[in-house]
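Colleague: Attaching a single structure in structure tokens format; questions to follow.
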Amino acid sequence: MLEGKTFYIHTFGCQMNVNDSEHLASLLLAEGASPASRLEESDFILINTCAVREKSVEKLFSYLGRLKEYKEKRKAVIVCLGCVAQLYRQELLKKFPYLDLVVGPHQYAAVPSLLKNLAEERKILTAWKRGWTDLPILPESRESRVSAYVTIMEGCNNFCSFCVVPFVRGREKYRPLRSILDEVRALADRGYLEIHLLGQNVNSYRDPESGTRLPELLEKVSSIPGIEWVRFLTSHPKDFGPELVEAMASIPKVCHQLHLPLQSGSDRILALMNRKYTREEYLEKIESLKSRMPDISLSTDIIVGFPTETEDDFQQTIEMVEKIKFTSIFSFRYSPRPRTAASRLKDDVPEEVKIDRLIRLQSRQKEIQLELHRQLVGQKMNVLCSGPSKKGNLHAGRNEAYQVINFYSPVDVSNRLVTVRITGYGPYSLQGELED
Ligand code: SF4
């Protein structure tokens, strides 16, 4: 047991990592350890890492550099987990000799026993698992009381040429349907209203026991009493078929909101990225979604400055952004990742050109968001309130379109689904008032 011990988890990266950290917290709570509110007070410092972009690895290295003093002062045990641990292994121990453990994403279950039996010798545990491993999750380890992440698959078989995920998370593994539904039922019993079904490539979900695919899974999750909103991410455009469009349009509790990574608007760059769709095919998917759900909210990922990207390629990306009018975009400068096919191409777009393209893309998107937000003023919409806003004396939440809304309410409406009238807007959020 780890009774009397405290732990602190710092998470880098996406929702998958947040959910992995919640699992990790569950494992430690089950062994009697308790969470520390501050890193300075913890016996175990666990850092869950993201390797998707060079910048996130640089941020991690700077964070790990600052942990040296805690090792010296408090003799804390420091564990580096997740994708960077899987990718860099020995290199991490060389660079940060005060790390005690380096644990890959398939080895989280081993963490409590590793902490109980810390050997003199520092350990690296990065073996891959081929099948799905169910990890329990305790209610008190979730960040939100009303919205929950539920992982349905892990890994990816797609090998986009820029992406490190298949090398750190391995091939696709699907969680059994019964295990997913058990978790969602337990969440509904505890009052959770919103479920995010997660995976690197959720469109390819297939129940290993019955073969059930994502559209049917959405139906089953939505029919669990108490669940009000169901979302899923991340989708790959090439696998996004008509059955899924139909499921989104016809199942009332599936939100009309979708994150569909575009990455580039140029066919030449899409081919170099090994994305396996063209801009026309992407636009056809968007058309079929918009024709069935005119109110659909779309977001995307875009990389600028991929090797050989010209100004003309970049303009094609801008054209797509202007045509589709995404509710939000996550845009990044290309950086080569170890072991990927693209890392063998010459990273030939100068850094200042990448920065310039990123700024131009983001400022065009900002204008689009302002215009989309302006059109919402005066409308009433359902908002799932997550609690007090960081901005002044307001509440914060998200609507079905997953837009951030800060709103005034005379009473505490945290963790409730409420109706809000939109009264104002900025480029990245909306403002409103609670409707009676
Ligand atoms: S589909 Fe997504 S996770 Fe898979 S290789 Fe491509 S970018 Fe990476």
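Labeling convention for the structure tokens: chains A, B, ... as they appear, residues from 1 per chain, ligands from 1 in order of appearance.
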Kindly compile the residues surrounding ligand 1 within 12 Å, counting only C-alpha atoms and all ligand atoms, and format them as an NGL selection string.

Modeller: :A and (14 or 16 or 51-53 or 153-172 or 198-204 or 233-240 or 259-263 or 270 or 273-277 or 300-303 or 337 or 340-342)

Colleague: Using only C-alpha atoms, which residues sit within 6 Å of A:Cys255 once same-chain residues fewer than 2 positions away are excluded, as a list in words?

Modeller: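 Listed by chain and then number, they are Val230, Arg231, Gln257 and Glu400 of chain A.
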
Colleague: Kindly indicate which residue among A:Ile324, A:Ala85, A:Leu138, A:Val221 lies nearest to A:Leu177, using only C-alpha atoms for the distances.

Modeller: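 Residue with the minimum atom-to-atom distance to A:Leu177: A:Val221.
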
Colleague: Just the helix (DSSP H, G or I) stuff from stretch 228-390 of chain A, please, per backbone DSSP, written as a tab-separated table (two decimals) with N, CA, C and O atoms, in the first residue's frame.

Modeller:
chain	number	residue	atom	x	y	z
A	237	PRO	N	-10.86	11.97	-41.55
A	237	PRO	CA	-11.80	12.20	-42.67
A	237	PRO	C	-11.97	10.99	-43.59
A	237	PRO	O	-13.06	10.73	-44.08
A	238	LYS	N	-10.90	10.23	-43.82
A	238	LYS	CA	-11.03	9.13	-44.79
A	238	LYS	C	-11.99	8.04	-44.28
A	238	LYS	O	-12.56	7.32	-45.07
A	239	ASP	N	-12.12	7.93	-42.96
A	239	ASP	CA	-12.98	6.87	-42.40
A	239	ASP	C	-14.36	7.40	-42.01
A	239	ASP	O	-15.13	6.69	-41.37
A	242	PRO	N	-21.02	7.72	-44.50
A	242	PRO	CA	-22.42	8.18	-44.41
A	242	PRO	C	-23.17	7.64	-43.19
A	242	PRO	O	-24.06	8.30	-42.67
A	243	GLU	N	-22.80	6.44	-42.70
A	243	GLU	CA	-23.51	5.88	-41.53
A	243	GLU	C	-23.28	6.77	-40.31
A	243	GLU	O	-24.16	6.94	-39.48
A	244	LEU	N	-22.06	7.31	-40.23
A	244	LEU	CA	-21.74	8.14	-39.07
A	244	LEU	C	-22.44	9.50	-39.18
A	244	LEU	O	-22.93	10.04	-38.18
A	245	VAL	N	-22.51	10.03	-40.40
A	245	VAL	CA	-23.26	11.29	-40.61
A	245	VAL	C	-24.71	11.06	-40.18
A	245	VAL	O	-25.29	11.86	-39.45
A	246	GLU	N	-25.27	9.93	-40.60
A	246	GLU	CA	-26.67	9.63	-40.28
A	246	GLU	C	-26.85	9.46	-38.77
A	246	GLU	O	-27.83	9.96	-38.19
A	247	ALA	N	-25.90	8.79	-38.12
A	247	ALA	CA	-26.00	8.61	-36.66
A	247	ALA	C	-25.97	9.96	-35.96
A	247	ALA	O	-26.78	10.22	-35.06
A	248	MET	N	-25.07	10.83	-36.39
A	248	MET	CA	-24.99	12.17	-35.76
A	248	MET	C	-26.29	12.95	-35.95
A	248	MET	O	-26.75	13.66	-35.06
A	249	ALA	N	-26.84	12.82	-37.15
A	249	ALA	CA	-28.04	13.61	-37.47
A	249	ALA	C	-29.28	13.06	-36.78
A	249	ALA	O	-30.17	13.81	-36.42
A	250	SER	N	-29.33	11.73	-36.60
A	250	SER	CA	-30.59	11.15	-36.15
A	250	SER	C	-30.65	10.81	-34.66
A	250	SER	O	-31.72	10.62	-34.12
A	267	ASP	N	-3.76	19.45	-52.15
A	267	ASP	CA	-3.71	18.01	-52.44
A	267	ASP	C	-2.27	17.48	-52.44
A	267	ASP	O	-2.01	16.36	-52.01
A	268	ARG	N	-1.37	18.30	-52.95
A	268	ARG	CA	0.03	17.85	-53.02
A	268	ARG	C	0.57	17.60	-51.59
A	268	ARG	O	1.21	16.59	-51.31
A	269	ILE	N	0.28	18.56	-50.69
A	269	ILE	CA	0.77	18.41	-49.31
A	269	ILE	C	0.02	17.27	-48.60
A	269	ILE	O	0.63	16.49	-47.85
A	270	LEU	N	-1.28	17.15	-48.85
A	270	LEU	CA	-2.04	16.04	-48.22
A	270	LEU	C	-1.45	14.69	-48.63
A	270	LEU	O	-1.36	13.78	-47.80
A	271	ALA	N	-1.03	14.57	-49.90
A	271	ALA	CA	-0.42	13.31	-50.35
A	271	ALA	C	0.91	13.08	-49.64
A	271	ALA	O	1.20	11.97	-49.17
A	272	LEU	N	1.71	14.15	-49.51
A	272	LEU	CA	2.99	14.01	-48.79
A	272	LEU	C	2.77	13.66	-47.32
A	272	LEU	O	3.59	13.01	-46.68
A	279	ARG	N	-8.64	17.45	-51.10
A	279	ARG	CA	-9.45	18.55	-50.57
A	279	ARG	C	-10.90	18.42	-51.02
A	279	ARG	O	-11.82	18.70	-50.27
A	280	GLU	N	-11.12	17.90	-52.26
A	280	GLU	CA	-12.49	17.71	-52.76
A	280	GLU	C	-13.22	16.69	-51.90
A	280	GLU	O	-14.39	16.87	-51.56
A	281	GLU	N	-12.53	15.60	-51.57
A	281	GLU	CA	-13.17	14.56	-50.74
A	281	GLU	C	-13.51	15.12	-49.36
A	281	GLU	O	-14.57	14.83	-48.80
A	282	TYR	N	-12.59	15.92	-48.82
A	282	TYR	CA	-12.86	16.53	-47.51
A	282	TYR	C	-14.09	17.44	-47.61
A	282	TYR	O	-15.00	17.38	-46.77
A	283	LEU	N	-14.13	18.25	-48.68
A	283	LEU	CA	-15.26	19.17	-48.84
A	283	LEU	C	-16.58	18.41	-49.02
A	283	LEU	O	-17.62	18.83	-48.52
A	284	GLU	N	-16.52	17.26	-49.72
A	284	GLU	CA	-17.74	16.46	-49.88
A	284	GLU	C	-18.26	15.99	-48.52
A	284	GLU	O	-19.46	15.99	-48.26
A	285	LYS	N	-17.34	15.58	-47.64
A	285	LYS	CA	-17.76	15.13	-46.28
A	285	LYS	C	-18.43	16.29	-45.56
A	285	LYS	O	-19.45	16.14	-44.90
A	286	ILE	N	-17.80	17.47	-45.67
A	286	ILE	CA	-18.35	18.64	-44.98
A	286	ILE	C	-19.74	18.97	-45.53
A	286	ILE	O	-20.67	19.25	-44.77
A	287	GLU	N	-19.88	18.85	-46.86
A	287	GLU	CA	-21.19	19.12	-47.48
A	287	GLU	C	-22.24	18.16	-46.97
A	287	GLU	O	-23.36	18.55	-46.65
A	288	SER	N	-21.87	16.87	-46.89
A	288	SER	CA	-22.88	15.89	-46.45
A	288	SER	C	-23.24	16.14	-44.97
A	288	SER	O	-24.40	16.00	-44.59
A	289	LEU	N	-22.27	16.56	-44.17
A	289	LEU	CA	-22.57	16.88	-42.76
A	289	LEU	C	-23.49	18.11	-42.67
A	289	LEU	O	-24.47	18.11	-41.95
A	290	LYS	N	-23.15	19.15	-43.47
A	290	LYS	CA	-23.93	20.39	-43.38
A	290	LYS	C	-25.33	20.21	-43.97
A	290	LYS	O	-26.27	20.85	-43.53
A	291	SER	N	-25.45	19.33	-44.97
A	291	SER	CA	-26.80	19.17	-45.54
A	291	SER	C	-27.71	18.42	-44.57
A	291	SER	O	-28.90	18.69	-44.52
A	292	ARG	N	-27.16	17.51	-43.77
A	292	ARG	CA	-28.00	16.80	-42.78
A	292	ARG	C	-28.13	17.59	-41.48
A	292	ARG	O	-29.10	17.47	-40.76
A	311	GLU	N	3.76	29.07	-51.00
A	311	GLU	CA	2.73	30.08	-50.69
A	311	GLU	C	1.40	29.66	-51.33
A	311	GLU	O	0.34	29.84	-50.74
A	312	ASP	N	1.48	29.06	-52.51
A	312	ASP	CA	0.25	28.64	-53.19
A	312	ASP	C	-0.45	27.51	-52.40
A	312	ASP	O	-1.67	27.52	-52.22
A	313	ASP	N	0.34	26.54	-51.89
A	313	ASP	CA	-0.24	25.48	-51.05
A	313	ASP	C	-0.93	26.11	-49.84
A	313	ASP	O	-2.04	25.73	-49.47
A	314	PHE	N	-0.22	27.06	-49.23
A	314	PHE	CA	-0.76	27.70	-48.02
A	314	PHE	C	-2.06	28.45	-48.34
A	314	PHE	O	-3.03	28.38	-47.58
A	315	GLN	N	-2.09	29.12	-49.50
A	315	GLN	CA	-3.30	29.86	-49.89
A	315	GLN	C	-4.49	28.90	-50.05
A	315	GLN	O	-5.62	29.25	-49.77
A	316	GLN	N	-4.20	27.68	-50.50
A	316	GLN	CA	-5.27	26.69	-50.63
A	316	GLN	C	-5.83	26.30	-49.27
A	316	GLN	O	-7.02	26.00	-49.13
A	317	THR	N	-4.96	26.31	-48.26
A	317	THR	CA	-5.44	26.05	-46.89
A	317	THR	C	-6.33	27.19	-46.42
A	317	THR	O	-7.41	26.97	-45.86
A	318	ILE	N	-5.88	28.41	-46.68
A	318	ILE	CA	-6.68	29.58	-46.30
A	318	ILE	C	-8.05	29.54	-46.98
A	318	ILE	O	-9.08	29.79	-46.36
A	319	GLU	N	-8.05	29.15	-48.27
A	319	GLU	CA	-9.33	29.06	-49.01
A	319	GLU	C	-10.29	28.09	-48.32
A	319	GLU	O	-11.48	28.36	-48.22
A	320	MET	N	-9.75	26.96	-47.89
A	320	MET	CA	-10.60	25.95	-47.23
A	320	MET	C	-11.17	26.52	-45.92
A	320	MET	O	-12.33	26.32	-45.60
A	321	VAL	N	-10.33	27.22	-45.17
A	321	VAL	CA	-10.77	27.80	-43.90
A	321	VAL	C	-11.88	28.82	-44.15
A	321	VAL	O	-12.87	28.88	-43.42
A	322	GLU	N	-11.71	29.60	-45.22
A	322	GLU	CA	-12.73	30.62	-45.53
A	322	GLU	C	-14.03	29.98	-46.01
A	322	GLU	O	-15.11	30.44	-45.69
A	323	LYS	N	-13.89	28.90	-46.74
A	323	LYS	CA	-15.08	28.24	-47.30
A	323	LYS	C	-15.87	27.50	-46.21
A	323	LYS	O	-17.09	27.61	-46.14
A	324	ILE	N	-15.15	26.77	-45.36
A	324	ILE	CA	-15.84	25.90	-44.40
A	324	ILE	C	-16.32	26.69	-43.17
A	324	ILE	O	-17.33	26.39	-42.58
A	342	ALA	N	8.00	11.82	-42.49
A	342	ALA	CA	8.28	13.22	-42.86
A	342	ALA	C	9.61	13.71	-42.31
A	342	ALA	O	10.20	14.65	-42.86
A	343	SER	N	10.09	13.08	-41.25
A	343	SER	CA	11.37	13.54	-40.67
A	343	SER	C	12.53	13.23	-41.62
A	343	SER	O	13.62	13.76	-41.47
A	344	ARG	N	12.28	12.39	-42.64
A	344	ARG	CA	13.32	12.11	-43.63
A	344	ARG	C	13.28	13.11	-44.79
A	344	ARG	O	14.13	13.10	-45.66
A	351	GLU	N	11.85	29.02	-40.77
A	351	GLU	CA	11.06	29.23	-39.55
A	351	GLU	C	10.25	30.54	-39.62
A	351	GLU	O	9.09	30.58	-39.21
A	352	GLU	N	10.89	31.59	-40.17
A	352	GLU	CA	10.15	32.88	-40.21
A	352	GLU	C	8.96	32.80	-41.17
A	352	GLU	O	7.93	33.45	-40.94
A	353	VAL	N	9.06	31.97	-42.21
A	353	VAL	CA	7.93	31.79	-43.13
A	353	VAL	C	6.81	31.01	-42.41
A	353	VAL	O	5.62	31.34	-42.51
A	354	LYS	N	7.20	29.98	-41.67
A	354	LYS	CA	6.20	29.21	-40.91
A	354	LYS	C	5.46	30.13	-39.94
A	354	LYS	O	4.24	30.08	-39.84
A	355	ILE	N	6.23	30.97	-39.24
A	355	ILE	CA	5.60	31.87	-38.25
A	355	ILE	C	4.65	32.83	-38.96
A	355	ILE	O	3.51	33.03	-38.53
A	356	ASP	N	5.10	33.38	-40.08
A	356	ASP	CA	4.26	34.32	-40.83
A	356	ASP	C	2.97	33.64	-41.29
A	356	ASP	O	1.87	34.21	-41.17
A	357	ARG	N	3.06	32.42	-41.79
A	357	ARG	CA	1.86	31.71	-42.26
A	357	ARG	C	0.92	31.42	-41.09
A	357	ARG	O	-0.31	31.55	-41.21
A	358	LEU	N	1.51	31.03	-39.98
A	358	LEU	CA	0.68	30.73	-38.80
A	358	LEU	C	-0.08	31.98	-38.35
A	358	LEU	O	-1.28	31.93	-38.07
A	359	ILE	N	0.62	33.11	-38.34
A	359	ILE	CA	-0.02	34.37	-37.90
A	359	ILE	C	-1.15	34.73	-38.88
A	359	ILE	O	-2.25	35.10	-38.47
A	360	ARG	N	-0.88	34.60	-40.18
A	360	ARG	CA	-1.91	34.97	-41.17
A	360	ARG	C	-3.13	34.04	-41.05
A	360	ARG	O	-4.27	34.48	-41.11
A	361	LEU	N	-2.85	32.74	-40.87
A	361	LEU	CA	-3.96	31.78	-40.73
A	361	LEU	C	-4.78	32.11	-39.48
A	361	LEU	O	-6.02	32.17	-39.52
A	362	GLN	N	-4.09	32.34	-38.38
A	362	GLN	CA	-4.81	32.57	-37.12
A	362	GLN	C	-5.58	33.89	-37.16
A	362	GLN	O	-6.66	33.98	-36.60
A	363	SER	N	-5.01	34.92	-37.83
A	363	SER	CA	-5.77	36.17	-37.84
A	363	SER	C	-6.98	36.07	-38.76
A	363	SER	O	-8.03	36.62	-38.46
A	364	ARG	N	-6.89	35.30	-39.86
A	364	ARG	CA	-8.08	35.10	-40.70
A	364	ARG	C	-9.15	34.33	-39.93
A	364	ARG	O	-10.33	34.65	-39.98
A	365	GLN	N	-8.70	33.29	-39.20
A	365	GLN	CA	-9.64	32.49	-38.41
A	365	GLN	C	-10.29	33.34	-37.31
A	365	GLN	O	-11.48	33.19	-37.02
A	366	LYS	N	-9.52	34.25	-36.75
A	366	LYS	CA	-10.06	35.12	-35.69
A	366	LYS	C	-11.22	35.97	-36.24
A	366	LYS	O	-12.27	36.10	-35.59
A	367	GLU	N	-11.03	36.47	-37.47
A	367	GLU	CA	-12.11	37.26	-38.10
A	367	GLU	C	-13.36	36.39	-38.32
A	367	GLU	O	-14.48	36.82	-38.08
A	368	ILE	N	-13.11	35.15	-38.76
A	368	ILE	CA	-14.24	34.24	-39.02
A	368	ILE	C	-14.99	33.97	-37.71
A	368	ILE	O	-16.22	34.00	-37.65
A	369	GLN	N	-14.23	33.72	-36.64
A	369	GLN	CA	-14.87	33.42	-35.36
A	369	GLN	C	-15.67	34.61	-34.85
A	369	GLN	O	-16.76	34.46	-34.32
A	370	LEU	N	-15.11	35.82	-35.03
A	370	LEU	CA	-15.83	37.02	-34.59
A	370	LEU	C	-17.17	37.12	-35.32
A	370	LEU	O	-18.20	37.41	-34.72
A	371	GLU	N	-17.14	36.83	-36.63
A	371	GLU	CA	-18.37	36.92	-37.42
A	371	GLU	C	-19.37	35.84	-36.99
A	371	GLU	O	-20.56	36.12	-36.82
A	372	LEU	N	-18.87	34.61	-36.77
A	372	LEU	CA	-19.77	33.54	-36.33
A	372	LEU	C	-20.37	33.88	-34.97
A	372	LEU	O	-21.56	33.66	-34.73
A	373	HIS	N	-19.55	34.42	-34.08
A	373	HIS	CA	-20.04	34.76	-32.73
A	373	HIS	C	-21.04	35.91	-32.77
A	373	HIS	O	-22.03	35.90	-32.04
A	374	ARG	N	-20.77	36.88	-33.66
A	374	ARG	CA	-21.68	38.03	-33.77
A	374	ARG	C	-23.11	37.56	-34.11
A	374	ARG	O	-24.09	38.07	-33.58

Colleague: Neighbours of A:Leu60 within 9 Å (only C-alpha atoms; same-chain residues fewer than 6 positions away dropped), as a count of residues only?

Modeller: 5

Colleague: Can you measure atom CA of A:Ala396 to atom CA of A:Leu181 for me? One decimal in Å is fine.

Modeller: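 Computed distance, atom CA of A:Ala396 to atom CA of A:Leu181, equals 28.9 Å.
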
Colleague: Could you give me, as a PyMOL selection string, the residues within 7 Å of A:Arg175, counting only C-alpha atoms and dropping anything in the same chain fewer than 4 positions from it?

Modeller: chain A and resi 132+152-153+180+207

Colleague: Using only C-alpha atoms, determine which residues lie at most 6 Å from stretch 189-193 of chain A, disregarding the query and same-chain residues fewer than 6 positions distant; provide the list as a tab-separated table (two decimals) with C-alpha atoms, in the first residue's frame.

Modeller:
chain	number	residue	atom	x	y	z
A	146	VAL	CA	-20.50	16.65	-14.96
A	147	SER	CA	-18.52	15.88	-18.13
A	227	ILE	CA	-26.79	11.13	-20.37
A	228	GLU	CA	-27.71	14.33	-22.23

Colleague: For A:Leu115, please output as a list of chain:residue names all residues within 10 Å (counting only C-alpha atoms; exclusion window: fewer than 3 positions along the same chain).

Modeller: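 Counting only C-alpha atoms, the residues come to A:Met1, A:Leu2, A:Leu28, A:Phe44, A:Val77, A:Ile78, A:Val79, A:Asp100, A:Leu101, A:Ala110, A:Val111, A:Pro112, A:Leu118, A:Ala119.
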
Colleague: Show which residues sit within 12 Å of A:Ala25, as a CSV table (one decimal) with N, CA and C atoms, in the first residue's frame. Count only C-alpha atoms, and ignore same-chain residues fewer than 2 positions away.

Modeller:
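What landed in around_20.csv:
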chain,number,residue,atom,x,y,z
A,6,THR,N,1.8,11.0,-0.7
A,6,THR,CA,1.0,12.0,-1.5
A,6,THR,C,1.6,12.0,-2.9
A,7,PHE,N,0.7,12.3,-3.9
A,7,PHE,CA,1.2,12.4,-5.3
A,7,PHE,C,0.6,13.6,-6.0
A,8,TYR,N,1.4,14.0,-7.0
A,8,TYR,CA,1.0,15.2,-7.8
A,8,TYR,C,1.2,14.8,-9.2
A,9,ILE,N,0.2,15.0,-10.1
A,9,ILE,CA,0.3,14.6,-11.5
A,9,ILE,C,0.2,15.9,-12.3
A,10,HIS,N,1.2,16.1,-13.2
A,10,HIS,CA,1.2,17.2,-14.1
A,10,HIS,C,1.0,16.6,-15.5
A,11,THR,N,0.0,17.1,-16.2
A,11,THR,CA,-0.4,16.5,-17.5
A,11,THR,C,-0.1,17.5,-18.7
A,18,VAL,N,-5.2,13.6,-20.5
A,18,VAL,CA,-6.0,14.0,-19.3
A,18,VAL,C,-6.7,12.8,-18.7
A,19,ASN,N,-7.3,12.0,-19.6
A,19,ASN,CA,-8.0,10.8,-19.1
A,19,ASN,C,-7.0,9.7,-18.6
A,20,ASP,N,-5.9,9.6,-19.2
A,20,ASP,CA,-4.8,8.7,-18.7
A,20,ASP,C,-4.4,9.1,-17.3
A,21,SER,N,-4.3,10.4,-17.1
A,21,SER,CA,-3.9,10.9,-15.8
A,21,SER,C,-5.0,10.6,-14.7
A,22,GLU,N,-6.2,10.7,-15.2
A,22,GLU,CA,-7.3,10.3,-14.2
A,22,GLU,C,-7.2,8.9,-13.9
A,23,HIS,N,-6.9,8.0,-14.8
A,23,HIS,CA,-6.7,6.6,-14.5
A,23,HIS,C,-5.6,6.4,-13.5
A,27,LEU,N,-5.5,4.6,-9.8
A,27,LEU,CA,-4.6,3.5,-9.3
A,27,LEU,C,-4.0,3.9,-8.0
A,28,LEU,N,-3.5,5.1,-7.9
A,28,LEU,CA,-2.8,5.6,-6.7
A,28,LEU,C,-3.8,5.7,-5.5
A,29,LEU,N,-5.0,6.3,-5.8
A,29,LEU,CA,-6.0,6.4,-4.7
A,29,LEU,C,-6.3,5.0,-4.2
A,30,ALA,N,-6.5,4.1,-5.1
A,30,ALA,CA,-6.9,2.7,-4.7
A,30,ALA,C,-5.8,2.1,-3.7
A,31,GLU,N,-4.6,2.5,-3.8
A,31,GLU,CA,-3.5,2.0,-3.0
A,31,GLU,C,-3.3,2.8,-1.7
A,32,GLY,N,-4.2,3.8,-1.5
A,32,GLY,CA,-4.2,4.6,-0.2
A,32,GLY,C,-3.4,5.9,-0.3
A,33,ALA,N,-2.8,6.2,-1.4
A,33,ALA,CA,-2.1,7.5,-1.5
A,33,ALA,C,-3.1,8.6,-1.7
A,34,SER,N,-2.8,9.8,-1.4
A,34,SER,CA,-3.7,10.9,-1.6
A,34,SER,C,-3.1,12.0,-2.4
A,35,PRO,N,-4.0,12.8,-3.1
A,35,PRO,CA,-3.4,13.8,-4.0
A,35,PRO,C,-2.9,15.0,-3.2
A,36,ALA,N,-1.8,15.6,-3.6
A,36,ALA,CA,-1.3,16.8,-3.0
A,36,ALA,C,-1.7,18.0,-3.9
A,44,PHE,N,5.4,11.8,-4.5
A,44,PHE,CA,5.6,11.3,-5.9
A,44,PHE,C,5.2,12.4,-6.9
A,45,ILE,N,6.1,12.7,-7.8
A,45,ILE,CA,5.7,13.7,-8.8
A,45,ILE,C,5.6,12.9,-10.1
A,46,LEU,N,4.4,12.9,-10.7
A,46,LEU,CA,4.3,12.1,-12.0
A,46,LEU,C,4.0,13.1,-13.1
A,47,ILE,N,4.7,13.0,-14.2
A,47,ILE,CA,4.6,13.9,-15.3
A,47,ILE,C,4.1,13.1,-16.5
A,48,ASN,N,2.9,13.3,-16.9
A,48,ASN,CA,2.3,12.6,-18.1
A,48,ASN,C,2.6,13.5,-19.3
A,108,TYR,N,1.0,2.0,-17.5
A,108,TYR,CA,0.5,2.7,-16.3
A,108,TYR,C,0.1,1.8,-15.1
A,109,ALA,N,-0.5,0.6,-15.5
A,109,ALA,CA,-1.0,-0.3,-14.4
A,109,ALA,C,0.1,-0.7,-13.5
A,111,VAL,N,2.5,1.2,-12.3
A,111,VAL,CA,3.1,2.3,-11.5
A,111,VAL,C,3.0,2.1,-10.0
A,112,PRO,N,1.8,1.7,-9.5
A,112,PRO,CA,1.7,1.6,-8.0
A,112,PRO,C,2.8,0.6,-7.5
A,135,LEU,N,-8.4,-0.3,-17.2
A,135,LEU,CA,-7.9,0.3,-16.0
A,135,LEU,C,-9.1,0.9,-15.3
A,136,PRO,N,-9.3,0.6,-14.0
A,136,PRO,CA,-10.4,1.1,-13.3
A,136,PRO,C,-10.3,2.6,-13.1
A,137,ILE,N,-11.4,3.3,-13.0
A,137,ILE,CA,-11.3,4.8,-12.7
A,137,ILE,C,-12.3,5.1,-11.6
A,138,LEU,N,-11.7,5.7,-10.5
A,138,LEU,CA,-12.5,6.0,-9.3
A,138,LEU,C,-13.2,7.4,-9.6
A,139,PRO,N,-14.4,7.6,-9.0
A,139,PRO,CA,-15.1,8.8,-9.3
A,139,PRO,C,-14.3,10.1,-8.9
A,140,GLU,N,-13.6,10.0,-7.7
A,140,GLU,CA,-13.0,11.1,-7.2
A,140,GLU,C,-11.7,11.5,-8.0
A,141,SER,N,-11.3,10.7,-8.9
A,141,SER,CA,-10.1,11.1,-9.7
A,141,SER,C,-10.4,11.8,-11.0
A,142,ARG,N,-11.7,12.0,-11.3
A,142,ARG,CA,-12.1,12.8,-12.5
A,142,ARG,C,-12.0,14.3,-12.2
A,143,GLU,N,-11.6,15.0,-13.2
A,143,GLU,CA,-11.5,16.5,-13.0
A,143,GLU,C,-12.8,17.1,-13.0
